[in-house]
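Asks: Handing over upload33.cif, mmCIF, C-alpha atoms and all ligand atoms.
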```
data_final
#
loop_
_atom_site.label_atom_id
_atom_site.label_comp_id
_atom_site.auth_asym_id
_atom_site.auth_seq_id
_atom_site.Cartn_x
_atom_site.Cartn_y
_atom_site.Cartn_z
CA MET A 1 -0.65 -22.90 67.88
CA GLY A 2 -1.47 -23.74 64.28
CA THR A 3 0.25 -26.27 62.08
CA PRO A 4 2.69 -24.90 59.43
CA ALA A 5 -0.02 -25.40 56.81
CA GLU A 6 -2.26 -22.97 58.73
CA THR A 7 0.37 -20.30 59.43
CA MET A 8 2.17 -20.16 56.13
CA PRO A 9 1.03 -20.26 52.49
CA SER A 10 2.73 -22.93 50.38
CA TRP A 11 5.90 -22.03 48.45
CA ARG A 12 3.88 -22.26 45.23
CA THR A 13 1.39 -19.69 46.61
CA ILE A 14 4.26 -17.44 47.73
CA GLU A 15 5.73 -17.55 44.23
CA SER A 16 2.39 -16.76 42.67
CA VAL A 17 1.58 -13.80 44.97
CA VAL A 18 5.09 -12.33 44.73
CA ALA A 19 4.89 -12.58 40.93
CA LEU A 20 1.64 -10.57 41.09
CA ALA A 21 3.17 -8.10 43.57
CA CYS A 22 5.96 -7.51 41.06
CA ARG A 23 3.37 -6.42 38.46
CA ALA A 24 3.26 -3.21 40.54
CA PRO A 25 4.24 0.04 38.83
CA SER A 26 7.75 1.37 39.46
CA LEU A 27 9.71 4.38 38.29
CA HIS A 28 10.79 3.61 34.68
CA ASN A 29 9.91 -0.05 35.43
CA SER A 30 13.09 -0.25 37.53
CA GLN A 31 11.49 -2.87 39.83
CA PRO A 32 13.68 -1.83 42.79
CA TRP A 33 12.58 -4.59 45.20
CA ARG A 34 13.77 -7.83 46.74
CA TRP A 35 11.61 -10.27 48.70
CA VAL A 36 13.07 -12.74 51.20
CA LEU A 37 11.00 -15.56 52.67
CA GLU A 38 12.03 -16.30 56.25
CA HIS A 39 10.51 -18.45 58.98
CA GLU A 40 7.97 -15.85 60.07
CA GLY A 41 7.02 -14.46 56.69
CA LEU A 42 8.22 -12.29 53.83
CA THR A 43 10.55 -9.33 54.14
CA LEU A 44 10.56 -6.55 51.55
CA PHE A 45 13.83 -4.75 50.79
CA SER A 46 14.50 -1.93 48.36
CA ASP A 47 17.35 -2.61 45.93
CA PRO A 48 19.75 0.36 45.92
CA ASP A 49 21.42 -0.93 42.74
CA ARG A 50 18.17 0.03 40.99
CA ILE A 51 17.94 3.63 42.18
CA LEU A 52 17.86 6.24 39.37
CA PRO A 53 20.17 8.93 40.77
CA ALA A 54 19.62 11.61 38.10
CA THR A 55 15.82 11.31 38.35
CA ASP A 56 15.26 10.21 41.93
CA SER A 57 18.24 11.54 43.88
CA PHE A 58 16.79 10.83 47.36
CA GLY A 59 15.42 7.38 46.49
CA ARG A 60 11.91 8.61 47.25
CA GLN A 61 10.36 7.05 44.16
CA MET A 62 12.28 3.84 44.80
CA VAL A 63 10.49 3.52 48.16
CA VAL A 64 7.13 4.59 46.64
CA SER A 65 7.55 1.82 44.04
CA CYS A 66 8.24 -0.73 46.81
CA GLY A 67 5.12 0.48 48.66
CA ALA A 68 3.08 -0.19 45.51
CA ALA A 69 4.46 -3.74 45.36
CA LEU A 70 3.63 -4.23 49.06
CA ASN A 71 0.00 -3.24 48.44
CA HIS A 72 -0.21 -5.47 45.36
CA LEU A 73 1.05 -8.33 47.56
CA LYS A 74 -1.68 -7.66 50.11
CA TYR A 75 -4.46 -8.01 47.51
CA ALA A 76 -2.79 -10.98 45.80
CA LEU A 77 -2.66 -12.75 49.20
CA LEU A 78 -6.32 -11.97 49.89
CA GLU A 79 -7.26 -13.69 46.66
CA HIS A 80 -5.64 -16.81 48.17
CA HIS A 81 -7.51 -16.18 51.47
CA TRP A 82 -4.47 -14.97 53.39
CA ASP A 83 -4.33 -11.72 55.36
CA ALA A 84 -1.05 -9.80 55.42
CA ALA A 85 0.03 -8.51 58.84
CA ILE A 86 2.40 -5.76 57.74
CA GLU A 87 5.06 -4.14 59.90
CA ARG A 88 6.46 -1.09 58.14
CA MET A 89 10.04 0.09 58.69
CA PRO A 90 10.82 -2.65 61.25
CA HIS A 91 14.04 -2.56 63.28
CA SER A 92 16.67 -4.06 61.02
CA ALA A 93 20.40 -3.98 60.42
CA SER A 94 19.63 -3.06 56.81
CA ARG A 95 18.43 0.41 55.79
CA GLN A 96 16.88 -1.24 52.75
CA CYS A 97 14.48 -3.28 54.91
CA LEU A 98 11.08 -1.66 54.36
CA ALA A 99 8.49 -4.10 55.69
CA THR A 100 7.83 -7.56 57.05
CA VAL A 101 4.70 -9.47 56.14
CA ALA A 102 3.32 -12.23 58.37
CA PHE A 103 0.43 -14.37 57.21
CA THR A 104 -2.86 -15.19 58.88
CA PRO A 105 -5.78 -17.03 57.26
CA ALA A 106 -8.31 -14.42 56.06
CA ALA A 107 -11.64 -14.76 57.85
CA GLU A 108 -13.52 -13.00 55.08
CA VAL A 109 -12.59 -11.51 51.71
CA SER A 110 -14.92 -8.88 50.28
CA GLY A 111 -16.04 -8.59 46.66
CA SER A 112 -14.30 -5.22 46.34
CA GLU A 113 -11.01 -6.72 47.61
CA ILE A 114 -11.27 -9.49 45.00
CA ALA A 115 -12.01 -6.83 42.35
CA LEU A 116 -8.75 -5.05 43.24
CA ALA A 117 -6.81 -8.34 43.24
CA THR A 118 -8.07 -9.32 39.80
CA ALA A 119 -7.30 -5.82 38.48
CA ILE A 120 -3.56 -6.43 39.05
CA ALA A 121 -3.16 -8.40 35.82
CA ARG A 122 -5.09 -5.82 33.77
CA ARG A 123 -3.49 -2.62 35.12
CA HIS A 124 -0.89 -0.89 33.03
CA THR A 125 0.34 2.65 32.58
CA GLU A 126 -1.47 4.52 29.79
CA ARG A 127 0.65 7.37 28.35
CA LEU A 128 -1.62 8.20 25.40
CA PRO A 129 -4.26 10.95 25.76
CA MET A 130 -7.38 9.82 27.62
CA ALA A 131 -10.99 11.04 27.60
CA ALA A 132 -12.60 12.33 30.82
CA PRO A 133 -13.37 9.44 33.20
CA ASN A 134 -16.99 8.27 33.44
CA SER A 135 -18.89 8.06 36.78
CA TRP A 136 -16.08 10.21 38.17
CA ASP A 137 -17.81 11.31 41.39
CA ASP A 138 -18.20 7.67 42.47
CA ALA A 139 -14.66 6.77 41.46
CA LEU A 140 -13.22 9.83 43.21
CA ALA A 141 -15.12 9.00 46.41
CA GLN A 142 -13.69 5.45 46.34
CA VAL A 143 -10.08 6.49 45.70
CA THR A 144 -10.32 9.23 48.32
CA GLU A 145 -11.45 6.66 50.88
CA LEU A 146 -8.68 4.22 49.89
CA ALA A 147 -6.06 6.97 50.16
CA GLU A 148 -7.33 8.20 53.53
CA ARG A 149 -7.33 4.62 54.84
CA ALA A 150 -3.61 4.47 53.98
CA GLY A 151 -3.03 7.80 55.79
CA MET A 152 -2.68 9.80 52.54
CA HIS A 153 -4.73 12.55 50.94
CA VAL A 154 -5.84 12.80 47.35
CA GLU A 155 -6.99 15.92 45.46
CA ASP A 156 -8.47 16.22 41.98
CA ILE A 157 -6.89 19.34 40.45
CA GLY A 158 -7.39 18.52 36.78
CA ASP A 159 -9.72 21.10 35.41
CA ARG A 160 -8.62 24.17 37.31
CA ALA A 161 -4.88 23.45 37.24
CA ARG A 162 -4.42 21.83 33.81
CA PRO A 163 -3.14 24.97 31.97
CA THR A 164 -0.66 25.78 34.75
CA LEU A 165 0.55 22.16 34.94
CA GLU A 166 0.91 21.95 31.15
CA ALA A 167 3.00 25.13 31.05
CA MET A 168 5.14 23.93 33.97
CA SER A 169 5.61 20.51 32.40
CA ARG A 170 6.65 21.94 29.02
CA ARG A 171 9.16 24.27 30.66
CA LEU A 172 10.63 21.48 32.76
CA SER A 173 10.88 19.13 29.77
CA GLY A 174 12.70 21.86 27.83
CA LEU A 175 15.17 22.41 30.68
CA ARG A 176 15.79 18.68 31.02
CA ARG A 177 16.52 18.30 27.31
CA GLY A 178 19.70 20.20 28.21
CA ASN A 179 20.61 17.90 31.11
CA PRO A 180 22.86 15.16 29.68
CA VAL A 181 22.93 13.09 32.89
CA TYR A 182 19.12 12.98 33.14
CA GLN A 183 18.86 12.23 29.41
CA ALA A 184 21.42 9.41 29.58
CA GLU A 185 19.46 7.79 32.43
CA LEU A 186 16.15 8.19 30.57
CA GLN A 187 17.60 6.69 27.36
CA TRP A 188 19.04 3.79 29.38
CA TRP A 189 15.67 2.91 30.91
CA ALA A 190 13.13 3.81 28.23
CA GLY A 191 12.48 2.90 24.64
CA HIS A 192 13.99 -0.59 24.33
CA ALA A 193 12.36 -3.96 23.77
CA LEU A 194 15.06 -6.42 24.78
CA TYR A 195 15.19 -6.33 28.57
CA PRO A 196 12.95 -7.57 31.41
CA ASP A 197 13.08 -4.06 32.94
CA GLY A 198 12.71 -0.50 31.67
CA ILE A 199 9.89 0.83 29.49
CA PRO A 200 9.50 -0.76 26.03
CA SER A 201 8.83 1.38 22.94
CA ALA A 202 5.36 -0.13 22.64
CA ALA A 203 4.38 1.59 25.93
CA LEU A 204 5.59 5.04 24.78
CA PRO A 205 3.62 7.39 22.49
CA ALA A 206 4.78 7.58 18.87
CA SER A 207 4.34 11.32 18.65
CA SER A 208 6.18 12.39 21.80
CA PRO A 209 7.03 15.14 22.71
CA GLY A 210 3.81 16.90 23.53
CA THR A 211 1.23 14.13 23.15
CA VAL A 212 0.08 14.60 26.73
CA PRO A 213 1.39 17.99 27.84
CA VAL A 214 1.27 17.22 31.59
CA GLY A 215 3.17 13.94 31.07
CA ARG A 216 6.89 13.23 31.31
CA GLU A 217 8.76 13.55 28.02
CA PHE A 218 10.04 10.11 26.95
CA PRO A 219 11.93 8.90 23.88
CA THR A 220 9.58 8.44 20.92
CA GLY A 221 7.86 5.07 21.00
CA THR A 222 5.36 3.18 18.86
CA ALA A 223 2.02 3.52 20.74
CA THR A 224 -0.60 5.30 18.65
CA CYS A 225 -4.29 6.16 18.67
CA ASP A 226 -6.68 7.73 16.14
CA PRO A 227 -6.16 11.46 15.50
CA GLY A 228 -9.69 12.01 16.90
CA ASP A 229 -8.51 10.68 20.28
CA MET A 230 -5.58 13.08 20.67
CA GLU A 231 -7.03 15.55 23.21
CA ASP A 232 -6.23 14.66 26.80
CA ARG A 233 -9.12 15.24 29.22
CA ALA A 234 -7.96 12.82 31.93
CA ALA A 235 -8.62 13.85 35.53
CA ILE A 236 -5.43 14.77 37.36
CA LEU A 237 -5.11 13.58 40.95
CA VAL A 238 -2.37 14.50 43.39
CA LEU A 239 -1.42 12.15 46.22
CA THR A 240 -0.05 14.07 49.18
CA THR A 241 1.46 13.25 52.57
CA ASP A 242 1.69 15.28 55.79
CA SER A 243 5.44 14.73 56.07
CA ASP A 244 8.27 13.37 53.97
CA SER A 245 9.73 10.38 55.80
CA ARG A 246 10.56 7.00 54.27
CA LEU A 247 7.47 5.66 56.03
CA ASP A 248 5.37 8.32 54.26
CA TRP A 249 6.90 7.29 50.93
CA LEU A 250 6.15 3.62 51.57
CA ARG A 251 2.55 4.36 52.56
CA CYS A 252 2.21 6.67 49.56
CA GLY A 253 3.18 3.76 47.29
CA GLU A 254 0.59 1.56 48.99
CA ALA A 255 -2.11 4.21 48.44
CA LEU A 256 -0.95 4.71 44.84
CA SER A 257 -1.35 0.99 44.18
CA ALA A 258 -4.82 0.79 45.75
CA LEU A 259 -5.94 3.83 43.78
CA LEU A 260 -4.61 2.49 40.46
CA LEU A 261 -6.22 -0.91 41.04
CA ALA A 262 -9.58 0.64 42.00
CA CYS A 263 -9.58 2.73 38.81
CA THR A 264 -8.55 -0.30 36.72
CA ALA A 265 -11.37 -2.35 38.27
CA ARG A 266 -13.74 0.39 37.06
CA GLY A 267 -12.38 0.12 33.52
CA LEU A 268 -10.41 3.38 33.75
CA GLY A 269 -6.92 3.97 32.41
CA THR A 270 -4.24 5.41 34.72
CA CYS A 271 -0.79 6.98 34.51
CA PRO A 272 1.42 8.02 37.45
CA VAL A 273 3.25 11.27 36.64
CA THR A 274 6.22 12.35 38.75
CA HIS A 275 8.57 14.56 36.76
CA MET A 276 7.09 17.69 38.37
CA THR A 277 7.30 16.34 41.94
CA GLU A 278 10.90 15.10 41.71
CA LEU A 279 12.42 18.61 41.59
CA GLY A 280 12.08 21.01 44.53
CA GLU A 281 10.94 24.08 42.58
CA THR A 282 8.18 22.42 40.55
CA ARG A 283 7.12 20.31 43.53
CA THR A 284 6.55 23.51 45.53
CA ARG A 285 4.52 24.98 42.65
CA VAL A 286 2.35 21.85 42.43
CA GLY A 287 1.79 22.22 46.19
CA GLU A 288 0.60 25.80 45.66
CA LEU A 289 -2.12 24.54 43.30
CA LEU A 290 -3.68 22.38 46.02
CA ASP A 291 -6.51 23.33 48.39
CA GLY A 292 -4.88 21.34 51.18
CA ASP A 293 -1.39 21.90 52.59
CA GLY A 294 -0.02 18.37 52.00
CA LEU A 295 3.28 17.58 50.31
CA PRO A 296 2.72 16.44 46.70
CA GLN A 297 4.25 13.02 46.05
CA VAL A 298 2.72 11.65 42.84
CA LEU A 299 0.31 12.99 40.21
CA ILE A 300 -1.99 10.45 38.56
CA ARG A 301 -3.87 10.87 35.30
CA VAL A 302 -7.14 8.91 35.24
CA GLY A 303 -9.38 8.65 32.21
CA LEU A 304 -10.92 6.54 29.49
CA ARG A 305 -8.27 4.89 27.35
CA PRO A 306 -8.57 5.57 23.62
CA GLN A 307 -10.46 2.66 22.04
CA SER A 308 -8.12 2.82 19.08
CA ALA A 309 -5.06 2.08 21.25
CA SER A 310 -3.82 -1.46 21.81
CA PRO A 311 -2.86 -2.21 25.43
CA SER A 312 0.83 -2.81 26.05
CA THR A 313 2.23 -4.96 28.84
CA THR A 314 5.68 -4.14 30.16
CA PRO A 315 7.90 -7.07 31.08
CA ARG A 316 9.04 -7.98 34.57
CA ARG A 317 12.29 -9.50 35.89
CA PRO A 318 12.25 -13.26 36.48
CA LEU A 319 11.15 -14.30 39.96
CA SER A 320 14.57 -15.88 40.59
CA GLU A 321 16.07 -12.34 40.61
CA VAL A 322 13.66 -10.87 43.16
CA LEU A 323 12.47 -13.66 45.47
CA PHE A 324 14.83 -15.53 47.80
CA ARG A 325 14.45 -18.09 50.57
CA ASP A 326 16.42 -17.59 53.75
CA ARG A 327 17.23 -21.15 54.78
CA SER A 328 19.58 -20.15 57.61
CA GLU A 329 17.00 -20.74 60.35
CA SER A 330 15.30 -23.84 58.90
C1 LIG B 401 7.00 6.20 41.66
C2 LIG B 401 6.57 6.06 40.21
C3 LIG B 401 6.80 7.11 39.33
C4 LIG B 401 6.38 7.01 38.00
N1 LIG B 401 6.53 8.10 37.17
C5 LIG B 401 6.05 8.05 35.92
C6 LIG B 401 6.10 9.20 35.08
O1 LIG B 401 6.56 10.27 35.47
N2 LIG B 401 5.59 9.09 33.82
C7 LIG B 401 5.04 7.92 33.35
O2 LIG B 401 4.60 7.88 32.22
N3 LIG B 401 5.00 6.81 34.13
C8 LIG B 401 5.46 6.85 35.39
N4 LIG B 401 5.38 5.76 36.20
C9 LIG B 401 4.86 4.50 35.65
C10 LIG B 401 6.00 3.53 35.34
O3 LIG B 401 6.77 3.98 34.25
C11 LIG B 401 5.40 2.15 35.05
O4 LIG B 401 4.76 1.70 36.21
C12 LIG B 401 6.41 1.10 34.65
O5 LIG B 401 6.99 1.44 33.41
C13 LIG B 401 5.77 -0.29 34.53
O6 LIG B 401 4.76 -0.28 33.56
P1 LIG B 401 3.24 -0.63 33.92
O7 LIG B 401 2.79 0.36 34.95
O8 LIG B 401 2.52 -0.46 32.61
O9 LIG B 401 3.19 -2.03 34.43
C14 LIG B 401 5.77 5.82 37.53
C15 LIG B 401 5.53 4.77 38.44
C16 LIG B 401 5.90 4.90 39.76
C17 LIG B 401 5.60 3.80 40.73
#
```
Would you give me this structure, written as structure tokens?
Ligand SMILES: Cc1cc2nc3c(=O)[nH]c(=O)nc-3n(C[C@H](O)[C@H](O)[C@H](O)COP(=O)(O)O)c2cc1C
Replies:
Amino acid sequence: MGTPAETMPSWRTIESVVALACRAPSLHNSQPWRWVLEHEGLTLFSDPDRILPATDSFGRQMVVSCGAALNHLKYALLEHHWDAAIERMPHSASRQCLATVAFTPAAEVSGSEIALATAIARRHTERLPMAAPNSWDDALAQVTELAERAGMHVEDIGDRARPTLEAMSRRLSGLRRGNPVYQAELQWWAGHALYPDGIPSAALPASSPGTVPVGREFPTGTATCDPGDMEDRAAILVLTTDSDSRLDWLRCGEALSALLLACTARGLGTCPVTHMTELGETRTRVGELLDGDGLPQVLIRVGLRPQSASPSTTPRRPLSEVLFRDRSES
């Protein structure tokens, strides 16, 4: 049996990797996660106080967001030469318990794993129009492999489905302008600068609506690019699952994270897009656009960020609100 130093990273390392895990994307930057350090390792819980009921009535995107944080944690740990032994949906008295993470010293860390770990700090959601991604065949092969490894499927539907998706997105945005409950939730979470959660104005396009037709309609923000960069030619990926359980949602978030980090490491901009998959009717129509018969979970735009745009970093909640130590057994 190893000494504590060999079986557990130091508290300082735990703080540092959890802080990086919390850089993960989440629906409207709701950051719906809690981490608890116990004797055997870390436990990840979803935080039901941070569900967005008008947007995410089943809590699917809450669990996807937690899956993204779990995958960020895995790469952050590898950078410190720790492997994460993850048990998903363990037996627990709490329905919010999504995963436990035990630590083992990593025998070997590959260059591509380090590339994904170092991409965490650079990744952010790009909502401005993007040019077509370069070296796309290589990038698509890598993200397909990462998704398959997580038990997910990924399809590039950009060119053939763009007009249909744009029309669907515009229609949905128009309908939702008339939904006061959805609008109140959106206004609560997006377009402010004061809070450590939600989406700040600087991360939202100045000329919304319509800047990126397949994107979600947000309150008008302050992000701009040159008029010459206004056409969106980003590839559009769809992450799909075979079924729709909470385990699928968690794994989907893990695959989403790996895919976003791989694209970031290649210098590509990314934007998860979920307004069309959060309602039954449009989700079914997105499914009909696919070659495969998987269930669409998340669309992702991938492209070259406009050079004229300045990158914006969204804030995160302080660690003291999301990381706790369970001292009951010590
Ligand atoms: C499940 C999920 C759904 C999301 N849906 C959208 C979306 O529909 N439109 C969008 O612009 N961003 C979407 N995002 C991105 C979040 O708004 C973004 O991750 C969050 O504001 C934090 O900002 P950052 O990614 O720049 O760190 C989504 C992210 C996740 C994980």
Asks: When the cut-off is 6 Å and you count all atoms listed in the file, which residues lie near ligand LIG 401 (chain B), shown as number ranges by chain?
Replies: A: 23, 25-29, 61, 64-65, 124-125, 127, 199, 216, 271-275, 313-314
Asks: Which residue is closest to Ser110 of chain A? Choose from A:Leu78, A:Met168, A:Cys66, A:Ala309 and count all atoms listed in the file.
Replies: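 Looking only at the distances to Ser110 of chain A, the closest residue turns out to be A:Leu78.
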Asks: The centre and edge lengths of an axis-aligned box containing all atoms of segment 6-11 of chain A present in the file, extended by 6 Å on each side, are to be given in Å to one decimal, as AutoDock Vina command-line options.
Replies:
```
--center_x 1.8 --center_y -21.6 --center_z 53.9 --size_x 20.2 --size_y 14.8 --size_z 23.0
```
Asks: Looking at only C-alpha atoms, which of A:Ser243, A:Leu172, A:Asp226, A:Gly221 is the one that sits closest to His192 of chain A?
Replies: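 Nearest to His192 of chain A: A:Gly221.
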Asks: Find the spatial neighbours of segment 153-157 of chain A, counting all atoms listed in the file, within a cut-off of 10 Å - ignore same-chain residues fewer than 3 positions away - and output them as a VMD selection string.
Replies: chain A and resid 140 143 to 150 160 to 162 165 235 to 242 252 255 to 256 259 286 289 to 292 294 to 296 298 to 301
Asks: What gap, in Å, lies between atom CA of Ala84 of chain A and atom CA of Thr104 of chain A?
Replies: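 Straight-line distance from atom CA of Ala84 of chain A to atom CA of Thr104 of chain A works out to 6.7 Å.
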Asks: Let me make sure I understand: among A:Ser245, A:Ser207, A:Gly267, A:Pro213, which one has the smallest atom-to-atom distance to Arg171 of chain A if we use only C-alpha atoms?
Replies: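 Closest to Arg171 of chain A of all the choices is A:Pro213.
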Asks: So how many Å separate atom CA of Leu128 of chain A and atom CA of Ala115 of chain A, to one decimal?
Replies: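 These two atoms are separated by 24.9 Å.
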Asks: Which protein, DNA or RNA residues have an atom at most 12 Å from (19.4, 1.1, 39.9), counting only C-alpha atoms? List them as a list of chain:residue names.
Replies: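 Final list of nearby residues, as requested, is A:Ser26, A:Leu27, A:His28, A:Asn29, A:Ser30, A:Gln31, A:Pro32, A:Trp33, A:Ser46, A:Asp47, A:Pro48, A:Asp49, A:Arg50, A:Ile51, A:Leu52, A:Pro53, A:Ala54, A:Thr55, A:Asp56, A:Ser57, A:Gly59, A:Gln61, A:Met62, A:Glu185, A:Trp188, A:Trp189, A:Asp197, A:Gly198.
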Asks: Need to verify the contact set: segment 129-137 of chain A, 9 Å, only C-alpha atoms, exclusion of same-chain residues closer than 5 positions in sequence. Can you return it as a PDB file with C-alpha atoms, in the frame of the given file?
Replies:
```pdb
ATOM      1  CA  GLN A 142     -13.690   5.450  46.340  1.00  0.00           C
ATOM      2  CA  THR A 211       1.230  14.130  23.150  1.00  0.00           C
ATOM      3  CA  VAL A 212       0.080  14.600  26.730  1.00  0.00           C
ATOM      4  CA  CYS A 225      -4.290   6.160  18.670  1.00  0.00           C
ATOM      5  CA  ASP A 229      -8.510  10.680  20.280  1.00  0.00           C
ATOM      6  CA  MET A 230      -5.580  13.080  20.670  1.00  0.00           C
ATOM      7  CA  GLU A 231      -7.030  15.550  23.210  1.00  0.00           C
ATOM      8  CA  ASP A 232      -6.230  14.660  26.800  1.00  0.00           C
ATOM      9  CA  ARG A 233      -9.120  15.240  29.220  1.00  0.00           C
ATOM     10  CA  ALA A 234      -7.960  12.820  31.930  1.00  0.00           C
ATOM     11  CA  ALA A 235      -8.620  13.850  35.530  1.00  0.00           C
ATOM     12  CA  LEU A 268     -10.410   3.380  33.750  1.00  0.00           C
ATOM     13  CA  GLY A 269      -6.920   3.970  32.410  1.00  0.00           C
ATOM     14  CA  THR A 270      -4.240   5.410  34.720  1.00  0.00           C
ATOM     15  CA  ARG A 301      -3.870  10.870  35.300  1.00  0.00           C
ATOM     16  CA  VAL A 302      -7.140   8.910  35.240  1.00  0.00           C
ATOM     17  CA  GLY A 303      -9.380   8.650  32.210  1.00  0.00           C
ATOM     18  CA  LEU A 304     -10.920   6.540  29.490  1.00  0.00           C
ATOM     19  CA  ARG A 305      -8.270   4.890  27.350  1.00  0.00           C
ATOM     20  CA  PRO A 306      -8.570   5.570  23.620  1.00  0.00           C
TER      21      PRO A 306
END
```
